[in-house]
$ cat protein.pdb   # PDB, C-alpha atoms
ATOM      1  CA  MET A 280       5.737-111.095  59.388
ATOM      2  CA  GLU A 281       5.467-107.406  60.203
ATOM      3  CA  LYS A 282       6.152-105.136  57.231
ATOM      4  CA  THR A 283       5.648-101.381  56.953
ATOM      5  CA  LEU A 284       5.265 -99.250  53.840
ATOM      6  CA  VAL A 285       6.563 -95.695  54.258
ATOM      7  CA  VAL A 286       4.868 -93.386  51.753
ATOM      8  CA  LEU A 287       6.812 -90.194  51.016
ATOM      9  CA  ALA A 288       4.171 -87.531  50.439
ATOM     10  CA  ALA A 289       5.756 -84.254  51.515
ATOM     11  CA  GLY A 290       7.098 -83.168  48.106
ATOM     12  CA  MET A 291       5.740 -80.105  46.374
ATOM     13  CA  GLY A 292       5.596 -81.299  42.767
ATOM     14  CA  SER A 293       6.972 -78.067  41.302
ATOM     15  CA  ARG A 294       7.378 -79.306  37.723
ATOM     16  CA  PHE A 295       3.877 -80.783  37.788
ATOM     17  CA  GLY A 296       2.489 -77.390  38.726
ATOM     18  CA  GLY A 297       0.549 -78.519  41.789
ATOM     19  CA  SER A 298       0.100 -81.406  44.201
ATOM     20  CA  LYS A 299       0.689 -84.688  42.389
ATOM     21  CA  GLN A 300      -0.103 -86.616  45.557
ATOM     22  CA  THR A 301      -3.768 -85.606  45.620
ATOM     23  CA  PHE A 302      -4.425 -85.436  41.882
ATOM     24  CA  PRO A 303      -7.223 -87.913  40.971
ATOM     25  CA  VAL A 304      -6.113 -90.609  38.517
ATOM     26  CA  GLY A 305      -8.627 -93.392  39.201
ATOM     27  CA  PRO A 306     -12.277 -93.607  38.067
ATOM     28  CA  ASN A 307     -13.561 -92.859  41.580
ATOM     29  CA  GLY A 308     -11.133 -90.111  42.469
ATOM     30  CA  GLU A 309      -8.300 -92.395  43.632
ATOM     31  CA  PHE A 310      -4.832 -90.899  43.983
ATOM     32  CA  ILE A 311      -1.682 -92.568  42.685
ATOM     33  CA  MET A 312      -0.773 -93.685  46.203
ATOM     34  CA  ASP A 313      -4.137 -95.462  46.557
ATOM     35  CA  TYR A 314      -2.900 -98.033  44.049
ATOM     36  CA  SER A 315       0.475 -98.477  45.734
ATOM     37  CA  ILE A 316      -1.135 -98.943  49.130
ATOM     38  CA  TYR A 317      -3.739-101.339  47.737
ATOM     39  CA  SER A 318      -1.013-103.560  46.278
ATOM     40  CA  ALA A 319       1.121-103.304  49.411
ATOM     41  CA  ILE A 320      -1.740-104.511  51.630
ATOM     42  CA  LYS A 321      -2.668-107.214  49.116
ATOM     43  CA  HIS A 322       0.881-108.568  49.224
ATOM     44  CA  GLY A 323       1.381-108.590  52.977
ATOM     45  CA  PHE A 324       2.233-105.125  54.294
ATOM     46  CA  ASN A 325       0.312-104.434  57.491
ATOM     47  CA  LYS A 326       1.229-100.858  58.365
ATOM     48  CA  ILE A 327       1.269 -97.652  56.329
ATOM     49  CA  VAL A 328       3.273 -94.627  57.472
ATOM     50  CA  PHE A 329       2.604 -91.360  55.655
ATOM     51  CA  VAL A 330       5.403 -88.784  55.685
ATOM     52  CA  ILE A 331       3.678 -85.472  55.044
ATOM     53  CA  LYS A 332       3.802 -81.757  55.740
ATOM     54  CA  LYS A 333       1.850 -80.840  58.867
ATOM     55  CA  GLU A 334      -0.473 -78.565  56.897
ATOM     56  CA  ASP A 335      -1.502 -81.519  54.690
ATOM     57  CA  LEU A 336      -2.642 -83.748  57.564
ATOM     58  CA  GLU A 337      -6.347 -83.003  57.249
ATOM     59  CA  ILE A 338      -6.578 -83.662  53.520
ATOM     60  CA  VAL A 339      -4.573 -86.911  53.748
ATOM     61  CA  GLU A 340      -6.605 -88.141  56.746
ATOM     62  CA  GLU A 341      -9.937 -87.261  55.124
ATOM     63  CA  THR A 342      -9.164 -88.902  51.782
ATOM     64  CA  ILE A 343      -6.740 -91.807  51.538
ATOM     65  CA  GLY A 344      -6.580 -92.199  55.332
ATOM     66  CA  LYS A 345     -10.311 -92.806  55.696
ATOM     67  CA  ARG A 346     -10.266 -95.228  52.778
ATOM     68  CA  ILE A 347      -7.732 -97.558  54.385
ATOM     69  CA  GLU A 348      -7.983 -97.114  58.168
ATOM     70  CA  ASP A 349     -10.182-100.231  58.578
ATOM     71  CA  LYS A 350      -7.834-102.368  56.496
ATOM     72  CA  VAL A 351      -4.363-101.598  57.832
ATOM     73  CA  ASN A 352      -2.586 -99.796  60.668
ATOM     74  CA  VAL A 353      -1.982 -96.152  59.713
ATOM     75  CA  GLU A 354       0.377 -93.555  61.154
ATOM     76  CA  TYR A 355       1.181 -89.981  60.099
ATOM     77  CA  VAL A 356       4.544 -88.303  60.632
ATOM     78  CA  PHE A 357       5.645 -84.800  59.664
ATOM     79  CA  GLN A 358       8.720 -83.884  57.673
ATOM     80  CA  ARG A 359       9.700 -80.594  59.300
ATOM     81  CA  LEU A 360      12.170 -78.102  57.861
ATOM     82  CA  SER A 361      13.357 -77.413  61.411
ATOM     83  CA  ASP A 362      14.325 -81.057  62.049
ATOM     84  CA  LEU A 363      18.052 -80.477  61.495
ATOM     85  CA  PRO A 364      21.321 -81.549  63.126
ATOM     86  CA  PHE A 365      22.367 -79.514  66.159
ATOM     87  CA  GLY A 366      23.873 -76.178  65.195
ATOM     88  CA  PHE A 367      22.039 -75.748  61.892
ATOM     89  CA  GLU A 368      19.160 -73.414  61.134
ATOM     90  CA  VAL A 369      16.692 -73.200  58.264
ATOM     91  CA  PRO A 370      17.992 -70.521  55.868
ATOM     92  CA  GLU A 371      15.697 -67.620  55.082
ATOM     93  CA  GLY A 372      13.623 -68.393  51.992
ATOM     94  CA  ARG A 373      13.847 -72.193  52.274
ATOM     95  CA  VAL A 374      10.391 -73.751  51.746
ATOM     96  CA  LYS A 375      11.139 -77.042  49.969
ATOM     97  CA  PRO A 376      11.503 -80.226  52.076
ATOM     98  CA  TRP A 377      15.053 -81.467  52.674
ATOM     99  CA  GLY A 378      14.765 -84.523  50.420
ATOM    100  CA  THR A 379      13.882 -88.201  50.404
ATOM    101  CA  ALA A 380      16.503 -89.403  52.909
ATOM    102  CA  HIS A 381      15.436 -86.698  55.353
ATOM    103  CA  ALA A 382      11.803 -87.803  54.865
ATOM    104  CA  ILE A 383      12.702 -91.345  55.940
ATOM    105  CA  TYR A 384      14.532 -89.891  58.935
ATOM    106  CA  ALA A 385      11.247 -88.211  59.905
ATOM    107  CA  ALA A 386       9.617 -91.661  60.108
ATOM    108  CA  LYS A 387      12.267 -93.152  62.410
ATOM    109  CA  HIS A 388       9.974 -93.502  65.429
ATOM    110  CA  ALA A 389       7.139 -95.030  63.388
ATOM    111  CA  VAL A 390       9.171 -97.903  61.902
ATOM    112  CA  THR A 391       9.864-100.893  64.153
ATOM    113  CA  GLU A 392      10.504-103.639  61.586
ATOM    114  CA  LYS A 393      11.559-104.256  57.996
ATOM    115  CA  PHE A 394      10.048-101.660  55.752
ATOM    116  CA  ALA A 395       9.633-100.486  52.185
ATOM    117  CA  VAL A 396       9.692 -96.949  50.842
ATOM    118  CA  CYS A 397       7.735 -95.517  47.926
ATOM    119  CA  THR A 398       6.753 -92.051  46.799
ATOM    120  CA  ALA A 399       3.160 -90.846  46.697
ATOM    121  CA  ASP A 400       3.449 -89.603  43.109
ATOM    122  CA  ASP A 401       4.839 -92.686  41.339
ATOM    123  CA  PHE A 402       2.684 -95.513  39.988
ATOM    124  CA  TYR A 403       4.720 -98.679  40.542
ATOM    125  CA  GLY A 404       2.371-101.477  39.521
ATOM    126  CA  ASP A 405       1.040-104.480  41.415
ATOM    127  CA  ASP A 406       3.843-106.966  40.640
ATOM    128  CA  ALA A 407       6.467-104.557  41.994
ATOM    129  CA  PHE A 408       4.966-104.779  45.478
ATOM    130  CA  ARG A 409       4.686-108.551  45.174
ATOM    131  CA  VAL A 410       8.394-109.043  44.441
ATOM    132  CA  LEU A 411       9.386-106.480  47.072
ATOM    133  CA  SER A 412       7.255-108.130  49.753
ATOM    134  CA  GLU A 413       8.640-111.568  48.900
ATOM    135  CA  TYR A 414      12.197-110.225  49.106
ATOM    136  CA  LEU A 415      11.613-108.750  52.568
ATOM    137  CA  ASP A 416      10.067-112.022  53.742
ATOM    138  CA  LYS A 417      13.218-113.943  52.802
ATOM    139  CA  ASN A 418      16.030-111.416  53.285
ATOM    140  CA  ASP A 419      17.250-108.899  55.830
ATOM    141  CA  GLY A 420      19.168-106.520  53.581
ATOM    142  CA  TYR A 421      18.667-103.503  51.342
ATOM    143  CA  VAL A 422      16.972-103.866  47.970
ATOM    144  CA  ILE A 423      16.021-101.672  45.009
ATOM    145  CA  VAL A 424      13.252-102.510  42.542
ATOM    146  CA  GLY A 425      14.707-101.662  39.128
ATOM    147  CA  TYR A 426      12.766-100.488  36.075
ATOM    148  CA  PRO A 427      14.053-100.236  32.463
ATOM    149  CA  VAL A 428      15.058 -96.610  32.036
ATOM    150  CA  ALA A 429      13.276 -96.066  28.704
ATOM    151  CA  SER A 430       9.930 -96.962  30.268
ATOM    152  CA  THR A 431      10.394 -94.235  32.885
ATOM    153  CA  MET A 432      11.058 -91.348  30.501
ATOM    154  CA  SER A 433       8.692 -88.423  29.984
ATOM    155  CA  GLU A 434       7.898 -87.061  26.544
ATOM    156  CA  ASN A 435       7.841 -83.591  28.072
ATOM    157  CA  GLY A 436      11.407 -83.077  29.305
ATOM    158  CA  SER A 437      14.273 -84.524  31.322
ATOM    159  CA  VAL A 438      13.679 -86.488  34.530
ATOM    160  CA  LYS A 439      15.779 -87.357  37.589
ATOM    161  CA  ARG A 440      16.624 -91.035  37.919
ATOM    162  CA  GLY A 441      18.886 -93.131  40.124
ATOM    163  CA  VAL A 442      20.922 -95.067  37.553
ATOM    164  CA  ILE A 443      21.760 -98.527  38.922
ATOM    165  CA  ILE A 444      25.184 -99.980  38.189
ATOM    166  CA  SER A 445      25.193-103.657  39.173
ATOM    167  CA  ASP A 446      27.062-106.934  38.946
ATOM    168  CA  ASN A 447      25.163-110.223  39.310
ATOM    169  CA  ASN A 448      22.172-108.403  40.853
ATOM    170  CA  LYS A 449      24.374-106.634  43.415
ATOM    171  CA  VAL A 450      24.404-102.837  43.140
ATOM    172  CA  THR A 451      27.900-101.406  42.793
ATOM    173  CA  ALA A 452      26.840 -97.757  42.376
ATOM    174  CA  LEU A 453      23.705 -95.640  42.289
ATOM    175  CA  ILE A 454      24.157 -92.429  40.313
ATOM    176  CA  GLU A 455      21.450 -89.783  40.714
ATOM    177  CA  SER A 456      21.181 -88.192  37.270
ATOM    178  CA  ALA A 457      19.102 -86.013  34.975
ATOM    179  CA  CYS A 458      18.111 -88.344  32.125
ATOM    180  CA  ILE A 459      16.636 -87.702  28.701
ATOM    181  CA  LYS A 460      15.936 -90.094  25.845
ATOM    182  CA  GLU A 461      17.989 -89.628  22.677
ATOM    183  CA  ASN A 462      17.149 -91.970  19.774
ATOM    184  CA  ASP A 463      18.208 -95.495  20.813
ATOM    185  CA  HIS A 464      19.793 -94.580  24.160
ATOM    186  CA  VAL A 465      19.358 -92.379  27.221
ATOM    187  CA  LYS A 466      21.749 -89.555  28.103
ATOM    188  CA  CYS A 467      22.452 -89.169  31.810
ATOM    189  CA  THR A 468      23.951 -86.102  33.471
ATOM    190  CA  PRO A 469      24.936 -86.820  37.091
ATOM    191  CA  LEU A 470      23.671 -84.311  39.638
ATOM    192  CA  ASP A 471      27.127 -84.550  41.164
ATOM    193  CA  LYS A 472      28.969 -82.135  38.874
ATOM    194  CA  SER A 473      32.272 -83.924  39.518
ATOM    195  CA  LYS A 474      30.999 -86.950  37.566
ATOM    196  CA  ASP A 475      31.014 -87.136  33.777
ATOM    197  CA  GLU A 476      27.965 -87.407  31.550
ATOM    198  CA  PHE A 477      27.279 -90.921  30.264
ATOM    199  CA  THR A 478      24.794 -92.885  28.157
ATOM    200  CA  ILE A 479      22.902 -96.110  28.895
ATOM    201  CA  ASP A 480      20.763 -98.386  26.753
ATOM    202  CA  ASN A 481      16.977 -98.350  26.962
ATOM    203  CA  ASN A 482      16.776-101.466  29.154
ATOM    204  CA  HIS A 483      19.279-100.310  31.772
ATOM    205  CA  PRO A 484      17.706-100.450  35.269
ATOM    206  CA  VAL A 485      17.004 -97.312  37.265
ATOM    207  CA  SER A 486      15.653 -96.749  40.747
ATOM    208  CA  MET A 487      12.249 -95.112  41.097
ATOM    209  CA  LEU A 488      12.512 -94.965  44.910
ATOM    210  CA  LEU A 489      10.744 -98.262  45.496
ATOM    211  CA  ASN A 490      13.155 -99.769  48.020
ATOM    212  CA  GLY A 491      13.258-102.193  50.920
ATOM    213  CA  PHE A 492      15.351-101.848  54.081
ATOM    214  CA  ASN A 493      16.005-103.099  57.553
ATOM    215  CA  LYS A 494      16.081-100.559  60.372
ATOM    216  CA  SER A 495      19.835 -99.961  60.105
ATOM    217  CA  ILE A 496      19.239 -97.442  57.300
ATOM    218  CA  LEU A 497      17.669 -95.106  59.885
ATOM    219  CA  ASP A 498      20.851 -95.024  61.968
ATOM    220  CA  THR A 499      22.903 -94.490  58.811
ATOM    221  CA  ILE A 500      20.825 -91.499  57.732
ATOM    222  CA  GLU A 501      21.031 -89.942  61.193
ATOM    223  CA  LYS A 502      24.819 -90.326  61.295
ATOM    224  CA  ASP A 503      25.252 -88.989  57.764
ATOM    225  CA  MET A 504      23.086 -85.931  58.337
ATOM    226  CA  VAL A 505      25.731 -83.967  60.212
ATOM    227  CA  ASN A 506      28.415 -84.588  57.565
ATOM    228  CA  ASN A 507      26.042 -83.866  54.703
ATOM    229  CA  PHE A 508      24.803 -80.603  56.159
ATOM    230  CA  ASN A 509      28.347 -79.539  57.049
ATOM    231  CA  ASN A 510      29.523 -80.269  53.521
ATOM    232  CA  ASN A 511      26.653 -78.224  52.079
ATOM    233  CA  LYS A 512      26.419 -75.426  54.662
ATOM    234  CA  ASP A 513      26.955 -72.780  51.956
ATOM    235  CA  ASN A 514      24.107 -74.172  49.841
ATOM    236  CA  LEU A 515      21.403 -74.950  52.381
ATOM    237  CA  LEU A 516      18.862 -72.884  50.479
ATOM    238  CA  ASN A 517      18.817 -75.545  47.747
ATOM    239  CA  TYR A 518      20.452 -78.668  49.231
ATOM    240  CA  GLU A 519      18.524 -81.956  49.290
ATOM    241  CA  MET A 520      19.509 -85.096  51.192
ATOM    242  CA  LEU A 521      18.594 -87.741  48.635
ATOM    243  CA  LEU A 522      18.071 -91.428  49.394
ATOM    244  CA  PRO A 523      20.020 -92.650  46.319
ATOM    245  CA  ASP A 524      23.054 -90.706  47.529
ATOM    246  CA  ILE A 525      22.821 -92.330  50.978
ATOM    247  CA  ILE A 526      22.544 -95.788  49.391
ATOM    248  CA  ASP A 527      25.511 -95.073  47.125
ATOM    249  CA  GLU A 528      27.613 -94.040  50.119
ATOM    250  CA  GLU A 529      26.569 -97.207  51.951
ATOM    251  CA  ILE A 530      27.705 -99.294  48.973
ATOM    252  CA  LYS A 531      31.094 -97.572  49.068
ATOM    253  CA  ARG A 532      31.320 -98.525  52.754
ATOM    254  CA  GLY A 533      30.752-102.179  51.834
ATOM    255  CA  LYS A 534      26.983-102.520  52.273
ATOM    256  CA  VAL A 535      25.412-105.185  50.049
ATOM    257  CA  VAL A 536      22.425-103.836  48.126
ATOM    258  CA  ASP A 537      20.394-106.096  45.854
ATOM    259  CA  VAL A 538      18.453-105.126  42.751
ATOM    260  CA  ILE A 539      15.353-107.056  41.728
ATOM    261  CA  SER A 540      13.235-106.732  38.595
ATOM    262  CA  THR A 541       9.489-106.586  38.101
ATOM    263  CA  THR A 542       7.044-107.129  35.260
ATOM    264  CA  SER A 543       5.173-104.003  36.369
ATOM    265  CA  LYS A 544       5.187-100.876  34.250
ATOM    266  CA  TRP A 545       6.146 -97.678  36.041
ATOM    267  CA  MET A 546       4.102 -94.571  35.311
ATOM    268  CA  GLY A 547       4.465 -91.053  36.640
ATOM    269  CA  VAL A 548       3.395 -87.446  36.351
ATOM    270  CA  THR A 549       6.627 -85.498  36.279
ATOM    271  CA  TYR A 550       4.808 -82.920  34.162
ATOM    272  CA  ARG A 551       1.095 -82.106  34.092
ATOM    273  CA  GLU A 552       0.885 -83.383  30.508
ATOM    274  CA  ASP A 553       1.717 -86.863  31.819
ATOM    275  CA  ALA A 554      -1.498 -87.087  33.877
ATOM    276  CA  VAL A 555      -3.864 -88.094  31.052
ATOM    277  CA  ARG A 556      -1.473 -90.853  29.953
ATOM    278  CA  LEU A 557      -1.454 -92.243  33.504
ATOM    279  CA  GLN A 558      -5.255 -92.069  33.792
ATOM    280  CA  ASN A 559      -5.606 -94.034  30.556
ATOM    281  CA  PHE A 560      -3.054 -96.597  31.737
ATOM    282  CA  ILE A 561      -4.900 -97.172  35.009
ATOM    283  CA  LYS A 562      -8.110 -97.628  33.039
ATOM    284  CA  SER A 563      -6.406-100.368  31.007
ATOM    285  CA  GLU A 564      -5.129-102.013  34.216
ATOM    286  CA  ILE A 565      -8.699-102.091  35.533
ATOM    287  CA  GLU A 566      -9.937-103.584  32.273
ATOM    288  CA  ASN A 567      -7.365-106.387  32.400
ATOM    289  CA  GLY A 568      -8.272-107.226  36.003
ATOM    290  CA  THR A 569      -5.149-106.024  37.811
ATOM    291  CA  TYR A 570      -7.181-103.566  39.893
ATOM    292  CA  PRO A 571     -10.924-103.398  40.611
ATOM    293  CA  GLU A 572     -12.819-100.366  39.393
ATOM    294  CA  LYS A 573     -13.849 -99.558  42.962
ATOM    295  CA  LEU A 574     -10.478 -99.930  44.612
ATOM    296  CA  TRP A 575     -11.581 -99.824  48.237
ATOM    297  CA  ASP A 576     -14.885-101.671  47.923
ATOM    298  CA  ASP A 577     -15.867-103.240  51.263
ATOM    299  CA  SER A 578     -15.966-106.694  49.675
ATOM    300  CA  LEU A 579     -12.166-106.717  49.307
ATOM    301  CA  ASP A 580     -10.575-109.480  51.363
ATOM    302  CA  ILE A 581      -7.743-107.349  52.773
ATOM    303  CA  LYS A 582      -9.227-106.402  56.118
ATOM    304  CA  LEU A 583      -7.102-105.448  59.104
ATOM    305  CA  GLY A 584      -6.351-108.584  61.103
TER
END

$ encode --input "protein.pdb" --output "structure tokens"
Amino acid sequence: MEKTLVVLAAGMGSRFGGSKQTFPVGPNGEFIMDYSIYSAIKHGFNKIVFVIKKEDLEIVEETIGKRIEDKVNVEYVFQRLSDLPFGFEVPEGRVKPWGTAHAIYAAKHAVTEKFAVCTADDFYGDDAFRVLSEYLDKNDGYVIVGYPVASTMSENGSVKRGVIISDNNKVTALIESACIKENDHVKCTPLDKSKDEFTIDNNHPVSMLLNGFNKSILDTIEKDMVNNFNNNKDNLLNYEMLLPDIIDEEIKRGKVVDVISTTSKWMGVTYREDAVRLQNFIKSEIENGTYPEKLWDDSLDIKLG
């Protein structure tokens, strides 16, 4: 079946101190998203859509784009600050993209079938794309790949996580929070200041923005944009339209959202100090045979059909 992977690559990586998307982590200069795309193609995705800033087109085309263009269909779309609901304008001084939900909205014309979403600066692991692909083959709903929260923490400060509240593998709430490890638990401070701080155990699942959808999410985001921007019109210099918030609102409206688990280990580079740890982890994954040393070697049997 037709399946698209939408790669969100328009973020600025402010805490990392540079572009996480194009920071080399593999032995031959591979980026983090190289590994996600490799696994996605391996497990049945046949189109890759990059959501990027227009000024980054050349570097993405000349690096990761050239590596995969003979193996899978590729499309580039731009997340533009000016792509706003009617009546709104970009406030003076705003340079940061509008957030993950807005990035998916930018890809609306490039997605014609079931699709998955991942970020360019998260290492998700091969099994995560296997279970996600299998879910999309058998189901037509929304799904989140959950990771144990403790395995997603940074030793260098707090991180933002979508805390999954679920019942029998059905998500009942998704709470975007600032999380930090404290002894045998994780303290979570919701970004929504009206919600109270809470703690979760180390194995509690969180969303790392590896999700699967049908096309209805695109209509939902478009409809919600006007309300969201109206509700935040006094804070448009800093407001972000986040995908976990959209999913949480959909759940409140009765949408069924599944959560599935994976044996993969998530790795990231929230802070620059995390990069060496990720490079060493990828080296160990190559040594145990999960990935080849030369990721895009021509002998790979994942050619474009």

$ atom_distance --input "protein.pdb" --atom1 "CA of Lys332 in chain A" --atom2 "CA of Asp471 in chain A"
27.6 Å

$ closest_atom_pairs --input "protein.pdb" --of "range 461-579 of chain A" --to "range 400-419 of chain A" --cutoff "8 Å" --atoms "only C-alpha atoms" --output "CSV"
residue,atom,partner,partner_atom,distance
A:Met487,CA,A:Asp401,CA,7.8
A:Leu489,CA,A:Tyr403,CA,7.8
A:Asn490,CA,A:Leu411,CA,7.8
A:Gly491,CA,A:Leu411,CA,6.9
A:Phe492,CA,A:Asp419,CA,7.5
A:Asn493,CA,A:Asp419,CA,6.2
A:Ile539,CA,A:Val410,CA,7.7
A:Ser540,CA,A:Ala407,CA,7.9
A:Thr541,CA,A:Ala407,CA,5.3
A:Thr542,CA,A:Asp406,CA,6.3
A:Ser543,CA,A:Gly404,CA,4.9
A:Lys544,CA,A:Gly404,CA,6.0
A:Trp545,CA,A:Tyr403,CA,4.8
A:Met546,CA,A:Phe402,CA,5.0
A:Gly547,CA,A:Asp401,CA,5.0
A:Val548,CA,A:Asp400,CA,7.1
A:Thr569,CA,A:Asp405,CA,7.3

$ closest_residue --input "protein.pdb" --among "A:Ser473, A:Ser486, A:Asn325, A:Asn509" --to "Phe365 in chain A" --atoms "all atoms listed in the file"
A:Asn509

$ closest_residue --input "protein.pdb" --among "A:Leu336, A:Leu574, A:Leu360, A:Val535" --to "Thr451 in chain A" --atoms "only C-alpha atoms"
A:Val535

$ atom_distance --input "protein.pdb" --atom1 "CA of Ala554 in chain A" --atom2 "CA of Ser433 in chain A"
11.0 Å

$ resolve_selection --input "protein.pdb" --expression "the PyMOL selection byres ((chain A and resi 381) around 8)" --output "MDAnalysis selection string"
chainID A and resid 358 377:380 382:385 500 520:521

$ write_last_selection --input "protein.pdb" --atoms "C-alpha atoms" --output "compact mmCIF listing (two decimals), in the frame of the given file"
# COMPACT_ATOMS: atom_id res chain seq x y z
CA GLN A 358 8.72 -83.88 57.67
CA TRP A 377 15.05 -81.47 52.67
CA GLY A 378 14.76 -84.52 50.42
CA THR A 379 13.88 -88.20 50.40
CA ALA A 380 16.50 -89.40 52.91
CA ALA A 382 11.80 -87.80 54.86
CA ILE A 383 12.70 -91.34 55.94
CA TYR A 384 14.53 -89.89 58.94
CA ALA A 385 11.25 -88.21 59.90
CA ILE A 500 20.82 -91.50 57.73
CA MET A 520 19.51 -85.10 51.19
CA LEU A 521 18.59 -87.74 48.64

$ residues_around --input "protein.pdb" --residues "Lys449 in chain A" --least-positions-apart "5" --cutoff "9 Å" --atoms "only C-alpha atoms" --output "VMD selection string"
chain A and resid 444 535 to 538

$ residues_near_point --input "protein.pdb" --point "(24.0, -86.5, 46.8)" --cutoff "12 Å" --atoms "all atoms listed in the file" --output "PyMOL selection string"
chain A and resi 377-380+441+453-456+469-474+503-504+506-508+510-511+518-528

$ atom_distance --input "protein.pdb" --atom1 "CA of Cys397 in chain A" --atom2 "CA of Glu371 in chain A"
29.9 Å

$ resolve_selection --input "protein.pdb" --expression "the PyMOL selection byres ((chain A and resi 353-356) around 9)" --output "list in words"
Asn325, Lys326, Ile327, Val328, Phe329, Val330, Ile331, Lys332, Lys333, Leu336, Glu340, Gly344, Ile347, Glu348, Val351, Asn352, Phe357, Gln358, Ala385, Ala386, His388 and Ala389 of chain A

$ residues_around --input "protein.pdb" --residues "Glu392 in chain A" --least-positions-apart "3" --cutoff "8 Å" --atoms "only C-alpha atoms" --output "ChimeraX atom specification"
/A:281-283,493-494

$ closest_residue --input "protein.pdb" --among "A:Val285, A:Met312, A:Ala457, A:Ile496" --to "Ser437 in chain A" --atoms "only C-alpha atoms"
A:Ala457

$ residues_around --input "protein.pdb" --residues "Phe310 in chain A" --least-positions-apart "6" --cutoff "12 Å" --atoms "only C-alpha atoms" --output "MDAnalysis selection string"
chainID A and resid 288 298:304 316:317 339 342:344 346 398:402 547:548 554 557:558 561 574:575

$ write_last_selection --input "protein.pdb" --atoms "C-alpha atoms" --output "compact mmCIF listing (two decimals), in the coordinates of the input"
# COMPACT_ATOMS: atom_id res chain seq x y z
CA ALA A 288 4.17 -87.53 50.44
CA SER A 298 0.10 -81.41 44.20
CA LYS A 299 0.69 -84.69 42.39
CA GLN A 300 -0.10 -86.62 45.56
CA THR A 301 -3.77 -85.61 45.62
CA PHE A 302 -4.42 -85.44 41.88
CA PRO A 303 -7.22 -87.91 40.97
CA VAL A 304 -6.11 -90.61 38.52
CA ILE A 316 -1.14 -98.94 49.13
CA TYR A 317 -3.74 -101.34 47.74
CA VAL A 339 -4.57 -86.91 53.75
CA THR A 342 -9.16 -88.90 51.78
CA ILE A 343 -6.74 -91.81 51.54
CA GLY A 344 -6.58 -92.20 55.33
CA ARG A 346 -10.27 -95.23 52.78
CA THR A 398 6.75 -92.05 46.80
CA ALA A 399 3.16 -90.85 46.70
CA ASP A 400 3.45 -89.60 43.11
CA ASP A 401 4.84 -92.69 41.34
CA PHE A 402 2.68 -95.51 39.99
CA GLY A 547 4.46 -91.05 36.64
CA VAL A 548 3.40 -87.45 36.35
CA ALA A 554 -1.50 -87.09 33.88
CA LEU A 557 -1.45 -92.24 33.50
CA GLN A 558 -5.26 -92.07 33.79
CA ILE A 561 -4.90 -97.17 35.01
CA LEU A 574 -10.48 -99.93 44.61
CA TRP A 575 -11.58 -99.82 48.24

$ closest_residue --input "protein.pdb" --among "A:Lys562, A:His483, A:Arg359, A:Lys321" --to "Arg373 in chain A" --atoms "all atoms listed in the file"
A:Arg359

$ closest_residue --input "protein.pdb" --among "A:Val505, A:Val428, A:Ile443, A:Leu516" --to "Asp463 in chain A" --atoms "all atoms listed in the file"
A:Val428

$ axis_aligned_box --input "protein.pdb" --around "range 470-480 of chain A" --padding-each-side "8 Å" --output "lines of an AutoDock Vina configuration file"
center_x = 26.5
center_y = -90.3
center_z = 34.0
size_x = 27.5
size_y = 32.3
size_z = 30.4
